[in-house]
Structure formats: C-alpha cells, structure tokens
Amino acid sequence: MSTLQSLSDDRPVRAEAVVDLAAIRHNVATLRARADRAQLMTVVKADGYGHGMIPVARAAREAGADWIGAAVLEEALALREAGDTGPIFCWLTTPGEPLSDAIAAGIDLSAGAPWEIDELAAGVTDRPARVHLKIDTGMSRGGAVPEEWPALIRAAVREQQSGRIEVRGIWSHLSSSDEPKSPANEAQLATFQEAIEVAESFGIDAEFKHLANSGATLALPETHFDLVRPGVATYGLSPFGHALPSAELGLRPAMTLKARLAMVKRVPAGAGVSYGLTWTAPRPSTLGLIPLGYGDGLPRHASNAAPVLFGGHRRTVVGRICMDQCMVNLEDDEAAAGDEVVLFGPGTNGEPTADDWADAAGTINYEIVTRLGARIPRRYMDSER
Ligand SMILES: *Cc1c(COP(=O)(O)O)cnc(C)c1O
C-alpha cells in the first residue's frame with residue numbers, strides 16, 4: 001500500500017508519534033495573539049504533554065514564547081542543559097530538593113508557604129532566588145490559603161530585604177476554566193485580586209501576576225494579567241473537548257499516532273478476541289493486530305471502543321487492549337501485515353482525534369497524549385519547512 005511510505009521517511013517502524021513542529025509554532029502564535037497584552041508562558045511539563053519537551057520548547061521560543069513552564073525541577077534543569085537561556089518557571093518541589101541548582105541556573109521558582117521561602121533563601125549562593133508567591137484561590141491544591149497568605153507575604157518581605165530572594169510574581173491556578181461560565185472562575189479571580197491587594201499593602205509589587213491556563217487564555221481575558229500559562233492548547237488540543245473543538249479555536253493538533261499492522265487474519269463468526277474473549281465476531285471478519293498496548297500508554301479503558309483509521313475507513317478496536325498489542329476489526333477490508341493504521345491525529349484526513357480516544361476511554365485529551373510511553377519513538381516533521 002502507498003501509505004507505507006508515509007509512516008516513516010526512510011526505515012520501516014513498528015509505531016511512531018509524528019509531531020508537526022509547524023503546528024506547535026502556529027498554536028503558540030495563536031495563543032500569543034489571544035493574550036496580546038500579556039506575556040506568554042508555554043507549558044512543557046510531562047515531556048511536553050508527551051510530544052517531547054525540548055523540541056516543543058525550541059519551537060515555542062521560535063514562535064515567540066516569552067517563558068517556558070515546567071512542573072518539576074528535573075524538567076526545568078533539563079531545559080537549561082539543552083541550552084534554553086530564557087525565562088523558565090518551575091512550580092512543584094518537595095522539601096530537600098536541590099533548589100540551589102535551580103537558583104544558580106536562574107530558574108524562577110514558586111513558594112506557597114513560609115517554609116518554602118526559608119528553603120529558597122537557604123539555597124541562595126551568588127544571586128537571589130527568583131520567587132513567585134502562590135495563593136490558593138479556591139482549588140485547594142498548591143499555594144497559601146487566604147488565611148495564611150499574610151504570613152507568606154511577611155516571610156517573603158523579610159527575605160527580600162535580606163537580599164536573598166526577589167519576588168517576581170504572584171500567581172494561582174484555576175479549577176474550572178474548561179467551563180468558562182462556571183461561577184468558580186469569578187470567585188477565584190476575586191480572591192486573586194484580593195491577594196494582590198494584600199501583597200501590595202505589605203509593599204510587594206510583583207512584576208508578573210498570572211492565573212490563566214489554556215481554557216482561561218482562550219475564554220477568560222479578564223484572567224490574563226501580565227502572563228498566561230497555556231499548556232494543552234500549545235499542542236493543538238482544546239481544553240473544552242468536543243464542546244469547542246480545536247479547529248473552532250484556530251488550533252492545530254500537532255501529534256499523529258500511527259502503527260503498522262503486525263498481523264492480519266480472517267476469523268469465522270463466533271471467534272472470541274483477546275483476553276477474556278470480551279468481543280466475539282458476529283460474522284466472518286478480518287482482524288488486524290496493532291503493535292501498541294497499555295504498555296505504550298494506550299488506555300485499557302478504551303477496549304472495545306477506540307476508533308482508528310485504516311485505508312480511509314474508521315474501524316474499531318475489539319477485545320481488550322493488552323500490554324503490547326490490541327486488535328482492530330477490519331471487517332471485510334483488504335489488508336496485509338505492514339499496512340498503516342492511524343490511531344489519532346488532527347482529524348483533517350478522516351482519522352480519529354485524541355478527543356475521540358478520550359471519549360472511548362472516559363478521560364480527557366490531555367491524558368491520551370501525555371501517557372504515551374517512551375517505547376513509542378517521536379518523529380519530528382515540519383509541514384512548513
Ligand atoms: C498544567 C498547568 C498549566 C497548563 O494547563 P493547561 O490546562 O494544559 O493549559 C498551567 N499552570 C499550571 C500551574 C499547571 O499545572
């Protein structure tokens with residue numbers, strides 16, 4: 001089949017996730033335009049939501065990302081090691097982590113409790129720690145609850161006066177921006193504004209106030225402040241799922257997950273398929289073996305439900321998804337081992353999307369791309385170069 005050529009430029013591969021860096025650049029530019037009075041932080045945590053952290057960060061910088069956002073210290077330090085010299089923000093550390101490495105590398109860090117200020121101050125060698133103070137505005141995850149906010153501010157003022165820290169930001173995170181009309185957004189915004197006023201009353205005037213993730217960057221302009229932090233939209237996926245698909249947001253999904261069939265067989269009516277024989281062929285059927293399973297990050301919950309594209313037709317995964325493989329019902333299609341199957345992609349050529357897989361598994365598009373494991377090679381292409 002001619003599609004064999006499209007799977008890989010040179011050598012045949014079992015499976016691959018192809019990432020279009022032009023789509024990443026397009027999405028970053030789109031997000032910049034949506035929040036044009038604020039700076040833009042592209043969030044690349046969890047290996048760039050499964051797309052590959054370093055190539056995504058490079059493409060994002062090219063398209064004008066002012067900041068790169070990482071969840072954990074290893075990610076932030078790896079970005080510096082890869083040569084990224086721009087502003088990097090990292091917000092999730094635990095006691096005893098090597099903060100001094102991050103401070104020396106000029107990485108902006110978060111503090112949500114006075115003891116975190118103490119740890120940061122203790123990690124300082126030659127330059128002050130750059131700190132963003134986190135207020136918990138209602139999500140009850142990281143950050144200081146409003147009752148403890150003044151104590152955090154006092155600790156920050158003390159260490160700023162000692163010269164060991166520099167307060168650069170005040171920030172928080174929204175629980176419900178995927179539902180822009182939820183009253184939770186307004187409530188969190190109000191709490192955020194109060195926290196800023198309290199900080200100002202203590203003499204803290206932070207340059208970067210930031211609150212907006214993808215949903216808020218796209219739908220809640222009043223949350224943009226000085227900096228927005230979109231993650232999932234960078235990859236062309238909608239934070240709103242099917243309610244507002246990425247095409248309507250002007251975003252282009254960057255990843256296509258493909259595989260070659262490892263085997264094709266004809267089975268008679270009544271044949272049971274995969275562990276537990278949860279699917280039985282209702283009539284003579286052609287089955288294709290896809291060499292990907294939950295060991296690669298496919299969700300087992302999508303057994304008997306996930307869609308794929310084969311030879312221009314939508315087909316369905318039948319039977320349980322195994323660790324390394326799963327079966328697709330090719331009905332009466334002409335098929336041979338080695339033929340290409342597309343699990344998901346932008347959806348522009350009839351293939352399913354990460355949202356379709358999310359529906360099949362009862363999850364969100366974020367999880368579909370982020371869970372893809374290291375066993376799947378990422379291949380980078382550029383549809384515009
Ligand atoms: C993951 C994350 C983001 C990005 O969220 P998206 O919904 O993917 O845009 C922004 N800020 C913080 C603190 C995060 O953890």
# chains A, B, ... in the order shown; residues from 1 in each chain; ligands from 1
call {"tool": "residues_near_ligand", "arguments": {"ligand": "ligand 1", "cutoff": "6 Å", "atoms": "only C-alpha atoms and all ligand atoms", "output": "number ranges by chain"}}
result
A: 43, 173, 213-214, 229-232
call {"tool": "residues_around", "arguments": {"residues": "Val56 (chain A)", "least_positions_apart": "6", "cutoff": "10 Å", "atoms": "only C-alpha atoms", "output": "list in words"}}
result
Val19, Asp20, Leu21, Ile24, Arg25, Thr42, Val43, Val44, Asp47, Gly48, Tyr49, Glu62, Ile68, Thr234, Tyr235 and Tyr380 of chain A
call {"tool": "residues_around", "arguments": {"residues": "Glu16 (chain A)", "least_positions_apart": "3", "cutoff": "10 Å", "atoms": "only C-alpha atoms", "output": "VMD selection string"}}
result
chain A and resid 7 to 8 13 19 255 to 260 292 342 375 to 379
call {"tool": "atom_distance", "arguments": {"atom1": "CA of Gly64 (chain A)", "atom2": "CA of Thr137 (chain A)"}}
result
29.3 Å
call {"tool": "select_by_dssp", "arguments": {"residues": "region 91-274 of chain A", "states": "alpha helix (DSSP H)", "output": "ChimeraX atom specification"}}
result
/A:99-104,114-122,149-161,183-201,214-219
call {"tool": "residues_around", "arguments": {"residues": "Thr94 (chain A)", "least_positions_apart": "4", "cutoff": "12 Å", "atoms": "only C-alpha atoms", "output": "list in words"}}
result
Ala71, Val72, Leu73, Pro98, Leu99, Leu109, Ser110, Ala111, Gly112, Ala113, Trp115, Glu116, Glu119, Leu120 and Gly142 of chain A
call {"tool": "atom_distance", "arguments": {"atom1": "CA of Ala17 (chain A)", "atom2": "CA of Pro253 (chain A)"}}
result
12.3 Å
call {"tool": "closest_residue", "arguments": {"among": "A:Ala233, A:Ala156, A:Leu251, A:Ala190", "to": "Gly138 (chain A)", "atoms": "only C-alpha atoms"}}
result
A:Ala190
